[in-house]
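Below: protein-v1.txt (compact mmCIF, C-alpha atoms)
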```txt
# COMPACT_ATOMS: atom_id res chain seq x y z
CA MET A 43 14.51 97.91 35.60
CA ALA A 44 11.71 96.84 37.94
CA VAL A 45 10.17 93.49 37.01
CA THR A 46 6.36 93.68 36.94
CA ALA A 47 3.75 90.94 37.15
CA LYS A 48 2.71 91.83 33.59
CA MET A 49 6.25 91.17 32.32
CA VAL A 50 6.38 87.84 34.13
CA LYS A 51 3.01 86.84 32.63
CA GLU A 52 4.17 87.80 29.12
CA LEU A 53 7.37 85.81 29.44
CA ARG A 54 5.49 82.80 30.76
CA GLU A 55 3.08 82.91 27.81
CA LYS A 56 5.98 83.12 25.35
CA THR A 57 8.06 80.34 26.87
CA GLY A 58 5.73 78.12 28.89
CA ALA A 59 8.23 78.18 31.77
CA GLY A 60 7.15 78.39 35.41
CA MET A 61 6.23 81.70 37.05
CA MET A 62 9.21 81.77 39.40
CA ASP A 63 11.62 80.79 36.62
CA CYS A 64 10.30 83.66 34.50
CA LYS A 65 10.70 86.13 37.33
CA LYS A 66 14.25 84.99 38.05
CA ALA A 67 15.13 85.22 34.35
CA LEU A 68 13.84 88.77 34.07
CA VAL A 69 15.70 89.83 37.20
CA GLN A 70 18.88 88.21 35.89
CA VAL A 71 18.80 90.19 32.61
CA ASP A 72 17.40 93.43 34.07
CA GLY A 73 13.99 93.13 32.43
CA ASP A 74 15.17 92.53 28.83
CA MET A 75 12.40 90.28 27.41
CA GLU A 76 14.42 88.81 24.53
CA ALA A 77 17.41 88.16 26.77
CA ALA A 78 15.09 86.51 29.30
CA ILE A 79 13.73 84.21 26.58
CA ASP A 80 17.29 83.24 25.64
CA PHE A 81 18.11 82.72 29.32
CA LEU A 82 15.20 80.32 29.75
CA ARG A 83 16.05 78.48 26.53
CA GLU A 84 19.60 78.06 27.75
CA LYS A 85 18.27 76.81 31.05
CA GLY A 86 16.01 74.42 29.19
CA LEU A 87 18.91 73.02 27.19
CA SER A 88 20.88 72.63 30.40
CA SER A 89 17.99 70.79 32.02
CA ALA A 90 17.65 68.53 29.02
CA ALA A 91 21.35 67.68 29.17
CA LYS A 92 21.05 66.64 32.82
CA LYS A 93 18.27 64.26 31.84
CA ALA A 94 20.06 62.78 28.83
CA ASP A 95 21.01 59.54 30.61
CA ARG A 96 17.49 58.81 31.74
CA VAL A 97 15.36 56.23 29.95
CA ALA A 98 12.26 57.58 28.22
CA ALA A 99 10.27 54.41 27.58
CA GLU A 100 6.77 55.62 28.40
CA GLY A 101 4.79 58.14 26.40
CA THR A 102 2.18 57.88 23.68
CA THR A 103 1.47 57.23 20.05
CA TYR A 104 -0.68 59.76 18.22
CA ILE A 105 -2.32 60.05 14.82
CA GLU A 106 -3.20 63.26 13.00
CA VAL A 107 -5.15 63.14 9.73
CA LYS A 108 -5.52 66.16 7.45
CA GLY A 109 -7.19 65.48 4.13
CA ASN A 110 -5.06 63.02 2.17
CA ASP A 111 -2.12 63.21 4.57
CA ALA A 112 -1.72 61.49 7.92
CA VAL A 113 1.04 60.99 10.45
CA LEU A 114 1.61 58.40 13.15
CA LEU A 115 4.24 59.35 15.72
CA GLU A 116 5.63 58.10 19.01
CA VAL A 117 6.78 60.58 21.64
CA ASN A 118 8.43 59.18 24.74
CA ALA A 119 8.63 60.41 28.31
CA GLU A 120 10.02 58.83 31.46
CA THR A 121 6.75 58.12 33.25
CA ASP A 122 3.19 57.27 32.32
CA PHE A 123 2.09 60.08 34.64
CA VAL A 124 3.75 62.73 32.48
CA ALA A 125 2.36 61.09 29.34
CA LYS A 126 -1.09 62.12 30.62
CA ASN A 127 0.02 65.71 31.33
CA GLU A 128 -1.85 68.35 29.31
CA GLY A 129 1.42 70.09 28.44
CA PHE A 130 2.80 66.83 27.07
CA LYS A 131 -0.37 66.21 25.06
CA THR A 132 -0.14 69.72 23.60
CA LEU A 133 3.49 69.12 22.61
CA VAL A 134 2.56 65.86 20.84
CA LYS A 135 -0.22 67.59 18.89
CA GLU A 136 2.12 70.44 17.91
CA LEU A 137 4.73 67.96 16.70
CA ALA A 138 2.13 66.04 14.68
CA ASP A 139 0.90 69.20 12.98
CA HIS A 140 4.45 70.25 12.17
CA LEU A 141 5.44 66.85 10.79
CA LEU A 142 2.43 66.89 8.47
CA ALA A 143 3.36 70.34 7.23
CA ALA A 144 7.13 69.82 6.86
CA LYS A 145 7.15 66.10 5.93
CA PRO A 146 10.78 65.50 6.94
CA ALA A 147 12.33 62.17 5.98
CA THR A 148 13.92 61.26 9.32
CA VAL A 149 13.75 62.15 13.00
CA GLU A 150 17.17 63.79 12.71
CA GLU A 151 15.92 65.97 9.87
CA ALA A 152 12.70 66.73 11.76
CA LEU A 153 14.59 67.99 14.81
CA GLU A 154 16.39 70.56 12.66
CA THR A 155 13.25 71.92 10.99
CA THR A 156 11.68 75.16 12.18
CA MET A 157 8.16 75.29 13.57
CA GLU A 158 5.59 78.06 13.02
CA ASN A 159 6.76 79.79 16.21
CA GLY A 160 10.21 80.21 14.68
CA VAL A 161 11.84 77.66 16.98
CA LYS A 162 13.60 74.47 15.89
CA VAL A 163 11.82 71.27 16.83
CA ALA A 164 14.78 70.18 19.01
CA ASP A 165 14.66 73.47 20.95
CA HIS A 166 10.87 73.31 21.25
CA ILE A 167 11.16 69.86 22.83
CA SER A 168 13.93 71.11 25.13
CA SER A 169 11.68 73.93 26.32
CA ALA A 170 9.00 71.35 27.10
CA ILE A 171 11.57 69.32 29.05
CA ALA A 172 12.39 72.39 31.15
CA THR A 173 8.71 73.00 31.85
CA ILE A 174 7.52 69.42 32.38
CA GLY A 175 10.65 68.15 34.12
CA GLU A 176 11.24 64.84 32.33
CA LYS A 177 13.27 63.64 29.41
CA ILE A 178 11.08 63.75 26.29
CA THR A 179 12.02 62.40 22.87
CA LEU A 180 10.46 62.29 19.43
CA ARG A 181 11.28 58.64 18.79
CA ARG A 182 9.79 57.92 15.37
CA PHE A 183 7.08 58.89 12.91
CA THR A 184 5.56 57.86 9.59
CA VAL A 185 3.80 60.19 7.18
CA ALA A 186 1.31 58.49 4.84
CA THR A 187 -0.56 59.84 1.85
CA LYS A 188 -3.59 58.68 -0.12
CA THR A 189 -5.94 59.87 -2.84
CA ASP A 190 -9.60 60.87 -2.62
CA ALA A 191 -10.47 57.32 -3.71
CA ASP A 192 -8.71 55.71 -0.74
CA ALA A 193 -9.14 55.48 3.03
CA PHE A 194 -6.90 55.78 6.06
CA GLY A 195 -7.28 53.20 8.79
CA ALA A 196 -6.36 55.10 11.96
CA TYR A 197 -6.62 53.44 15.35
CA LEU A 198 -5.23 54.18 18.82
CA HIS A 199 -5.50 51.47 21.46
CA MET A 200 -5.44 51.98 25.24
CA GLY A 201 -5.23 55.75 24.98
CA GLY A 202 -2.27 55.63 22.64
CA ARG A 203 -0.22 52.70 23.97
CA ILE A 204 -0.54 51.21 20.48
CA GLY A 205 -1.10 53.18 17.29
CA VAL A 206 -1.80 51.85 13.80
CA LEU A 207 -2.00 53.78 10.55
CA ALA A 208 -3.05 51.80 7.47
CA VAL A 209 -3.79 52.81 3.88
CA VAL A 210 -6.56 50.95 2.05
CA GLU A 211 -6.72 51.88 -1.61
CA GLY A 212 -9.76 51.59 -3.83
CA THR A 213 -12.37 52.34 -1.18
CA THR A 214 -13.45 55.37 0.84
CA ASP A 215 -14.89 53.19 3.63
CA ALA A 216 -12.99 54.67 6.58
CA ASP A 217 -14.83 52.46 9.07
CA ALA A 218 -13.69 49.30 7.28
CA ALA A 219 -10.14 50.64 7.10
CA LYS A 220 -10.25 51.38 10.83
CA ASP A 221 -11.43 47.81 11.49
CA VAL A 222 -8.34 46.55 9.65
CA ALA A 223 -6.14 48.87 11.73
CA MET A 224 -7.81 47.57 14.90
CA HIS A 225 -7.04 44.00 13.81
CA ILE A 226 -3.40 44.92 13.21
CA ALA A 227 -3.21 46.49 16.68
CA ALA A 228 -4.51 43.26 18.21
CA LEU A 229 -2.53 40.62 16.29
CA ASN A 230 0.66 42.53 15.43
CA PRO A 231 1.42 41.05 11.98
CA LYS A 232 4.79 41.73 10.35
CA TYR A 233 3.75 41.81 6.70
CA ILE A 234 0.74 42.48 4.47
CA ALA A 235 1.07 39.26 2.43
CA HIS A 236 3.46 36.33 2.22
CA ASP A 237 5.01 37.62 -1.00
CA GLN A 238 6.65 40.31 1.15
CA VAL A 239 8.47 37.71 3.26
CA SER A 240 12.10 37.44 2.19
CA GLU A 241 13.45 34.22 0.73
CA ASP A 242 16.02 34.10 3.52
CA GLU A 243 13.32 34.19 6.21
CA ILE A 244 11.29 31.52 4.41
CA ALA A 245 14.37 29.29 4.00
CA HIS A 246 15.22 29.71 7.68
CA GLU A 247 11.69 28.84 8.80
CA ARG A 248 11.53 25.86 6.44
CA LYS A 249 14.82 24.55 7.90
CA VAL A 250 13.53 24.93 11.47
CA LEU A 251 10.22 23.23 10.65
CA THR A 252 12.03 20.39 8.86
CA GLU A 253 14.22 19.74 11.91
CA GLN A 254 11.14 19.82 14.14
CA ALA A 255 9.36 17.23 12.02
CA LEU A 256 12.42 14.95 11.88
CA ASN A 257 12.91 15.23 15.65
CA GLU A 258 9.29 14.21 16.10
CA GLY A 259 10.18 10.98 14.32
CA LYS A 260 8.09 11.64 11.24
CA PRO A 261 8.96 9.57 8.14
CA GLU A 262 11.20 11.45 5.73
CA ASN A 263 8.85 10.80 2.83
CA ILE A 264 6.08 12.93 4.43
CA VAL A 265 8.25 15.55 6.14
CA ALA A 266 8.33 17.87 3.11
CA LYS A 267 4.53 17.87 2.85
CA MET A 268 4.17 18.50 6.58
CA VAL A 269 6.65 21.38 6.43
CA GLU A 270 4.74 23.12 3.66
CA GLY A 271 1.55 22.84 5.68
CA ARG A 272 3.24 24.30 8.75
CA LEU A 273 4.78 27.03 6.61
CA ARG A 274 1.29 28.09 5.52
CA LYS A 275 0.38 28.27 9.20
CA TYR A 276 3.43 30.43 9.80
CA PHE A 277 2.31 32.84 7.07
CA GLU A 278 -1.07 33.09 8.80
CA GLU A 279 0.72 34.21 11.96
CA ILE A 280 2.82 36.96 10.37
CA CYS A 281 0.83 38.13 7.29
CA VAL A 282 -2.26 40.21 7.98
CA LEU A 283 -4.20 39.22 4.85
CA ASP A 284 -3.85 35.54 5.76
CA GLN A 285 -5.09 36.02 9.33
CA ALA A 286 -8.58 35.30 10.64
CA PHE A 287 -10.33 38.65 11.04
CA VAL A 288 -10.73 39.54 14.73
CA LYS A 289 -14.25 40.86 14.18
CA ASN A 290 -15.25 37.73 12.23
CA PRO A 291 -12.92 34.73 12.75
CA ASP A 292 -14.71 32.85 9.94
CA GLN A 293 -13.36 35.38 7.45
CA LYS A 294 -9.78 36.17 6.43
CA VAL A 295 -8.69 39.80 6.57
CA GLY A 296 -7.87 39.62 2.87
CA ASP A 297 -11.43 38.55 2.08
CA PHE A 298 -12.84 41.33 4.28
CA VAL A 299 -10.77 43.98 2.49
CA LYS A 300 -11.87 42.62 -0.89
CA SER A 301 -15.51 42.70 0.23
CA VAL A 302 -15.36 46.49 0.56
CA GLY A 303 -13.58 46.83 -2.77
CA GLY A 304 -10.24 47.78 -1.26
CA THR A 305 -6.58 46.77 -1.24
CA LEU A 306 -4.41 47.09 1.85
CA THR A 307 -1.24 48.73 0.55
CA SER A 308 0.60 49.71 3.73
CA PHE A 309 0.42 49.76 7.50
CA VAL A 310 2.57 50.93 10.39
CA ARG A 311 2.12 49.75 13.97
CA TYR A 312 3.84 51.46 16.91
CA GLU A 313 3.72 50.23 20.48
CA VAL A 314 5.03 52.62 23.12
CA GLY A 315 8.49 51.68 24.34
CA GLU A 316 8.88 48.53 22.23
CA GLY A 317 12.54 47.75 21.77
CA ILE A 318 13.66 50.17 24.48
CA GLU A 319 15.51 48.58 27.36
CA LYS A 320 13.77 49.93 30.43
CA ARG A 321 15.86 50.63 33.48
CA GLU A 322 14.83 48.50 36.47
CA ASP A 323 15.33 50.63 39.58
CA ASN A 324 15.62 49.05 43.00
CA PHE A 325 13.75 51.51 45.19
CA ALA A 326 15.20 50.23 48.46
CA GLU A 327 18.76 50.45 47.14
CA GLU A 328 18.11 53.95 45.81
CA VAL A 329 16.87 55.15 49.19
CA MET A 330 19.83 53.56 51.00
CA SER A 331 22.31 55.16 48.62
CA GLN A 332 20.76 58.55 49.25
CA VAL A 333 20.86 58.03 53.03
CA LYS A 334 24.51 56.97 52.92
CA GLY A 335 25.33 59.96 50.76
CA LYS A 336 24.17 62.39 53.43
```

Take the structure in the file and write it out as structure tokens.
Amino acid sequence: MAVTAKMVKELREKTGAGMMDCKKALVQVDGDMEAAIDFLREKGLSSAAKKADRVAAEGTTYIEVKGNDAVLLEVNAETDFVAKNEGFKTLVKELADHLLAAKPATVEEALETTMENGVKVADHISSAIATIGEKITLRRFTVATKTDADAFGAYLHMGGRIGVLAVVEGTTDADAAKDVAMHIAALNPKYIAHDQVSEDEIAHERKVLTEQALNEGKPENIVAKMVEGRLRKYFEEICVLDQAFVKNPDQKVGDFVKSVGGTLTSFVRYEVGEGIEKREDNFAEEVMSQVKGK
């Protein structure tokens, strides 16, 4: 069967693959559209496999809010350049919409769910890999819910390098909730309040602070009092409600939240690539190895 420009255009619209790849696929399967789609999907999976050992530590965080549901997700790519690609941005938005609709519990479960286009999430990402040309991964996500009486604090910093999704109950003041999310993005607290800190962590910190005070030569009879004071300072560093509010350092975040009639009940903060060991390439060595390989 002769492959026409119209057939190539249709296949490209259905798969998002490049024009030449679509033409080659149609030629390979003698113009059978469904077989060509399968061919490109198989090619996409093959391309993804070749990229499996690459490190995807760039990318973006993204927040989608729909009524009383919201999702914060992190999608990684290999380079910051691709993270700004329109195709990548479209993929992230599609994943966010799907996660809000399906509400899977884990990334593994999410990858096996089927999107509106009838394709599994894992295969949809693989198709994007074939089109964009970099390893892409859905790294993590959190779906949050609220009631009509509550507010989401949604904030993206530096175009999505950091994303924060907070839930403030008891108030519908979305601007105030966003201010809290902005504070969390800036100071990176670990907990809402010190009653969430485990006894083991407190005991460990108290031991460290005690040793510090003794090594400073402080009298033993005042060490315990000093340690408790320093422990309160430690709580201010890791607990958001105890921190000085970035927009008004004379006010604690807890007091600010109370002033709008709310209660901060949860927050999630993602920073792109945190915890991922990035590969450090030596460009000169890479070039030399390629030259020697010729």

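If all atoms listed in the file are the atoms counted, then among A:Gly205, A:Ala147, A:Ser169, A:Ala191 the closest residue to Asp80 in chain A is A:Ser169.
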
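Neighbours of Glu116 in chain A closer than or equal to 7 Å, with all atoms listed in the file counted and sequence neighbours fewer than 2 positions away skipped, come out as A:Thr102, A:Thr103, A:Tyr104, A:Asn118, A:Leu180, A:Arg181, A:Arg182, A:Phe183, A:Val314.
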
Residues of range 250-330 of chain A within 8 Å of range 235-245 of chain A: nearest atom pair and distance (Å, one decimal) for each, counting all atoms listed in the file, sorted by chain and number, as CSV?
```
residue,atom,partner,partner_atom,distance
A:Phe277,CA,A:His236,CA,6.1
A:Cys281,CA,A:Ala235,CA,5.0
A:Val282,CA,A:Ala235,CA,6.5
A:Leu283,CA,A:Ala235,CA,5.8
A:Asp284,CA,A:Ala235,CA,7.0
```

Open item on the list: Rounded to one decimal, what separation in Å do you get between CA of Met268 in chain A and CA of Leu256 in chain A?
Closed with: 10.4 Å

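Of the listed residues (A:Asp111, A:Gly129, A:Glu151, A:Ser168), A:Asp111 comes nearest to Asp190 in chain A; the distances count all atoms listed in the file.
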
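CA of Arg248 in chain A sits 15.7 Å away from CA of Asn263 in chain A.
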
Open item on the list: Counting all atoms listed in the file, which residue out of A:Val210, A:Val161, A:Leu53, A:Leu137 sits closest to Val113 in chain A?
Closed with: A:Leu137

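Between CA of Ile178 in chain A and CA of Gly202 in chain A the interatomic distance comes to 16.0 Å.
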
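With all atoms listed in the file as the basis for measurement, A:Gly212 is the residue among A:Gly212, A:Gly160, A:Pro146, A:Gly317 that approaches Val302 in chain A most closely.
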
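For the residues A:Lys300, A:Lys48, A:His140, A:His225, ranking by smallest atom-to-atom distance to Gly195 in chain A using all atoms listed in the file places A:His225 first.
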
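For the choices A:Ile167, A:Glu270, A:Glu136, A:Phe309, the atom-to-atom distance to Lys220 in chain A is smallest for A:Phe309 when using all atoms listed in the file.
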
TODO: Identify, on the basis of all atoms listed in the file, every residue whose closest approach to Phe123 in chain A does not exceed 12 Å; exclude the query and any residue fewer than 5 positions from it along the same chain; express the result as JSON, numbers by chain.
DONE: {"A": [100, 101, 102, 118, 128, 129, 130, 131, 174, 175, 176]}

Take range 178-221 of chain A from the block and save it with N, CA and C atoms, as a PDB file, in the first residue's frame.
```
ATOM      1  N   ILE A 178      12.669   9.809  31.150  1.00  0.00           N
ATOM      2  CA  ILE A 178      11.670  10.566  31.904  1.00  0.00           C
ATOM      3  C   ILE A 178      11.036   9.624  32.920  1.00  0.00           C
ATOM      4  N   THR A 179      10.896  10.081  34.153  1.00  0.00           N
ATOM      5  CA  THR A 179      10.298   9.240  35.184  1.00  0.00           C
ATOM      6  C   THR A 179       9.294  10.031  36.023  1.00  0.00           C
ATOM      7  N   LEU A 180       8.187   9.355  36.349  1.00  0.00           N
ATOM      8  CA  LEU A 180       7.283   9.875  37.372  1.00  0.00           C
ATOM      9  C   LEU A 180       7.882   9.426  38.695  1.00  0.00           C
ATOM     10  N   ARG A 181       8.480  10.356  39.420  1.00  0.00           N
ATOM     11  CA  ARG A 181       9.227   9.985  40.626  1.00  0.00           C
ATOM     12  C   ARG A 181       8.332   9.818  41.852  1.00  0.00           C
ATOM     13  N   ARG A 182       7.420  10.775  42.061  1.00  0.00           N
ATOM     14  CA  ARG A 182       6.602  10.734  43.272  1.00  0.00           C
ATOM     15  C   ARG A 182       5.419  11.686  43.113  1.00  0.00           C
ATOM     16  N   PHE A 183       4.415  11.490  43.942  1.00  0.00           N
ATOM     17  CA  PHE A 183       3.246  12.370  43.926  1.00  0.00           C
ATOM     18  C   PHE A 183       2.513  12.244  45.249  1.00  0.00           C
ATOM     19  N   THR A 184       1.738  13.268  45.561  1.00  0.00           N
ATOM     20  CA  THR A 184       0.865  13.261  46.733  1.00  0.00           C
ATOM     21  C   THR A 184      -0.472  13.862  46.336  1.00  0.00           C
ATOM     22  N   VAL A 185      -1.541  13.139  46.606  1.00  0.00           N
ATOM     23  CA  VAL A 185      -2.889  13.650  46.377  1.00  0.00           C
ATOM     24  C   VAL A 185      -3.457  14.096  47.721  1.00  0.00           C
ATOM     25  N   ALA A 186      -3.955  15.319  47.776  1.00  0.00           N
ATOM     26  CA  ALA A 186      -4.529  15.862  49.009  1.00  0.00           C
ATOM     27  C   ALA A 186      -5.994  16.206  48.784  1.00  0.00           C
ATOM     28  N   THR A 187      -6.763  16.124  49.852  1.00  0.00           N
ATOM     29  CA  THR A 187      -8.179  16.486  49.777  1.00  0.00           C
ATOM     30  C   THR A 187      -8.524  17.449  50.910  1.00  0.00           C
ATOM     31  N   LYS A 188      -9.576  18.211  50.702  1.00  0.00           N
ATOM     32  CA  LYS A 188     -10.054  19.140  51.724  1.00  0.00           C
ATOM     33  C   LYS A 188     -11.570  19.224  51.631  1.00  0.00           C
ATOM     34  N   THR A 189     -12.158  20.054  52.475  1.00  0.00           N
ATOM     35  CA  THR A 189     -13.593  20.317  52.395  1.00  0.00           C
ATOM     36  C   THR A 189     -13.801  21.747  51.900  1.00  0.00           C
ATOM     37  N   ASP A 190     -15.047  22.115  51.696  1.00  0.00           N
ATOM     38  CA  ASP A 190     -15.360  23.481  51.258  1.00  0.00           C
ATOM     39  C   ASP A 190     -14.972  24.521  52.296  1.00  0.00           C
ATOM     40  N   ALA A 191     -14.763  24.094  53.538  1.00  0.00           N
ATOM     41  CA  ALA A 191     -14.429  25.031  54.607  1.00  0.00           C
ATOM     42  C   ALA A 191     -12.923  25.220  54.779  1.00  0.00           C
ATOM     43  N   ASP A 192     -12.142  24.558  53.933  1.00  0.00           N
ATOM     44  CA  ASP A 192     -10.683  24.581  54.065  1.00  0.00           C
ATOM     45  C   ASP A 192     -10.028  25.235  52.849  1.00  0.00           C
ATOM     46  N   ALA A 193      -8.701  25.346  52.904  1.00  0.00           N
ATOM     47  CA  ALA A 193      -7.961  25.962  51.797  1.00  0.00           C
ATOM     48  C   ALA A 193      -6.696  25.172  51.482  1.00  0.00           C
ATOM     49  N   PHE A 194      -6.385  25.091  50.201  1.00  0.00           N
ATOM     50  CA  PHE A 194      -5.106  24.547  49.774  1.00  0.00           C
ATOM     51  C   PHE A 194      -4.086  25.680  49.714  1.00  0.00           C
ATOM     52  N   GLY A 195      -2.885  25.400  50.195  1.00  0.00           N
ATOM     53  CA  GLY A 195      -1.757  26.298  49.983  1.00  0.00           C
ATOM     54  C   GLY A 195      -0.900  25.683  48.897  1.00  0.00           C
ATOM     55  N   ALA A 196      -0.949  26.232  47.699  1.00  0.00           N
ATOM     56  CA  ALA A 196      -0.210  25.681  46.562  1.00  0.00           C
ATOM     57  C   ALA A 196       0.813  26.700  46.088  1.00  0.00           C
ATOM     58  N   TYR A 197       2.072  26.272  46.030  1.00  0.00           N
ATOM     59  CA  TYR A 197       3.121  27.217  45.644  1.00  0.00           C
ATOM     60  C   TYR A 197       4.233  26.501  44.894  1.00  0.00           C
ATOM     61  N   LEU A 198       4.604  27.050  43.735  1.00  0.00           N
ATOM     62  CA  LEU A 198       5.737  26.568  42.951  1.00  0.00           C
ATOM     63  C   LEU A 198       6.800  27.646  42.928  1.00  0.00           C
ATOM     64  N   HIS A 199       8.018  27.274  43.263  1.00  0.00           N
ATOM     65  CA  HIS A 199       9.130  28.228  43.324  1.00  0.00           C
ATOM     66  C   HIS A 199      10.107  27.967  42.181  1.00  0.00           C
ATOM     67  N   MET A 200      10.620  29.044  41.594  1.00  0.00           N
ATOM     68  CA  MET A 200      11.611  28.952  40.517  1.00  0.00           C
ATOM     69  C   MET A 200      11.103  28.086  39.361  1.00  0.00           C
ATOM     70  N   GLY A 201       9.866  28.347  38.947  1.00  0.00           N
ATOM     71  CA  GLY A 201       9.320  27.637  37.814  1.00  0.00           C
ATOM     72  C   GLY A 201       9.090  26.164  38.032  1.00  0.00           C
ATOM     73  N   GLY A 202       9.045  25.746  39.290  1.00  0.00           N
ATOM     74  CA  GLY A 202       8.776  24.349  39.595  1.00  0.00           C
ATOM     75  C   GLY A 202       9.953  23.599  40.180  1.00  0.00           C
ATOM     76  N   ARG A 203      11.060  24.278  40.462  1.00  0.00           N
ATOM     77  CA  ARG A 203      12.193  23.605  41.117  1.00  0.00           C
ATOM     78  C   ARG A 203      11.791  23.110  42.499  1.00  0.00           C
ATOM     79  N   ILE A 204      10.923  23.871  43.172  1.00  0.00           N
ATOM     80  CA  ILE A 204      10.388  23.470  44.470  1.00  0.00           C
ATOM     81  C   ILE A 204       8.868  23.599  44.405  1.00  0.00           C
ATOM     82  N   GLY A 205       8.178  22.598  44.905  1.00  0.00           N
ATOM     83  CA  GLY A 205       6.723  22.644  44.962  1.00  0.00           C
ATOM     84  C   GLY A 205       6.239  22.309  46.360  1.00  0.00           C
ATOM     85  N   VAL A 206       5.254  23.055  46.835  1.00  0.00           N
ATOM     86  CA  VAL A 206       4.688  22.817  48.167  1.00  0.00           C
ATOM     87  C   VAL A 206       3.165  22.782  48.060  1.00  0.00           C
ATOM     88  N   LEU A 207       2.582  21.767  48.665  1.00  0.00           N
ATOM     89  CA  LEU A 207       1.125  21.664  48.756  1.00  0.00           C
ATOM     90  C   LEU A 207       0.761  21.489  50.225  1.00  0.00           C
ATOM     91  N   ALA A 208       0.042  22.465  50.763  1.00  0.00           N
ATOM     92  CA  ALA A 208      -0.361  22.438  52.172  1.00  0.00           C
ATOM     93  C   ALA A 208      -1.879  22.452  52.266  1.00  0.00           C
ATOM     94  N   VAL A 209      -2.396  21.920  53.370  1.00  0.00           N
ATOM     95  CA  VAL A 209      -3.831  21.970  53.652  1.00  0.00           C
ATOM     96  C   VAL A 209      -4.024  22.737  54.958  1.00  0.00           C
ATOM     97  N   VAL A 210      -4.783  23.818  54.874  1.00  0.00           N
ATOM     98  CA  VAL A 210      -5.109  24.613  56.058  1.00  0.00           C
ATOM     99  C   VAL A 210      -6.610  24.484  56.298  1.00  0.00           C
ATOM    100  N   GLU A 211      -6.954  23.835  57.373  1.00  0.00           N
ATOM    101  CA  GLU A 211      -8.379  23.604  57.682  1.00  0.00           C
ATOM    102  C   GLU A 211      -8.955  24.764  58.484  1.00  0.00           C
ATOM    103  N   GLY A 212     -10.249  24.955  58.325  1.00  0.00           N
ATOM    104  CA  GLY A 212     -10.947  25.965  59.125  1.00  0.00           C
ATOM    105  C   GLY A 212     -10.960  27.349  58.535  1.00  0.00           C
ATOM    106  N   THR A 213     -10.381  27.529  57.354  1.00  0.00           N
ATOM    107  CA  THR A 213     -10.404  28.822  56.684  1.00  0.00           C
ATOM    108  C   THR A 213     -10.433  28.602  55.180  1.00  0.00           C
ATOM    109  N   THR A 214     -11.063  29.525  54.470  1.00  0.00           N
ATOM    110  CA  THR A 214     -11.080  29.460  53.004  1.00  0.00           C
ATOM    111  C   THR A 214     -10.130  30.498  52.404  1.00  0.00           C
ATOM    112  N   ASP A 215      -9.270  31.062  53.237  1.00  0.00           N
ATOM    113  CA  ASP A 215      -8.325  32.092  52.793  1.00  0.00           C
ATOM    114  C   ASP A 215      -7.169  31.435  52.037  1.00  0.00           C
ATOM    115  N   ALA A 216      -7.343  31.293  50.726  1.00  0.00           N
ATOM    116  CA  ALA A 216      -6.330  30.630  49.898  1.00  0.00           C
ATOM    117  C   ALA A 216      -5.026  31.422  49.839  1.00  0.00           C
ATOM    118  N   ASP A 217      -5.130  32.747  49.919  1.00  0.00           N
ATOM    119  CA  ASP A 217      -3.911  33.578  49.878  1.00  0.00           C
ATOM    120  C   ASP A 217      -3.060  33.337  51.121  1.00  0.00           C
ATOM    121  N   ALA A 218      -3.707  33.240  52.276  1.00  0.00           N
ATOM    122  CA  ALA A 218      -2.974  32.969  53.515  1.00  0.00           C
ATOM    123  C   ALA A 218      -2.343  31.586  53.472  1.00  0.00           C
ATOM    124  N   ALA A 219      -3.102  30.618  52.954  1.00  0.00           N
ATOM    125  CA  ALA A 219      -2.572  29.258  52.841  1.00  0.00           C
ATOM    126  C   ALA A 219      -1.379  29.220  51.896  1.00  0.00           C
ATOM    127  N   LYS A 220      -1.449  29.994  50.814  1.00  0.00           N
ATOM    128  CA  LYS A 220      -0.323  30.061  49.877  1.00  0.00           C
ATOM    129  C   LYS A 220       0.894  30.695  50.540  1.00  0.00           C
ATOM    130  N   ASP A 221       0.681  31.701  51.387  1.00  0.00           N
ATOM    131  CA  ASP A 221       1.792  32.325  52.116  1.00  0.00           C
ATOM    132  C   ASP A 221       2.494  31.305  53.010  1.00  0.00           C
TER     133      ASP A 221
END
```
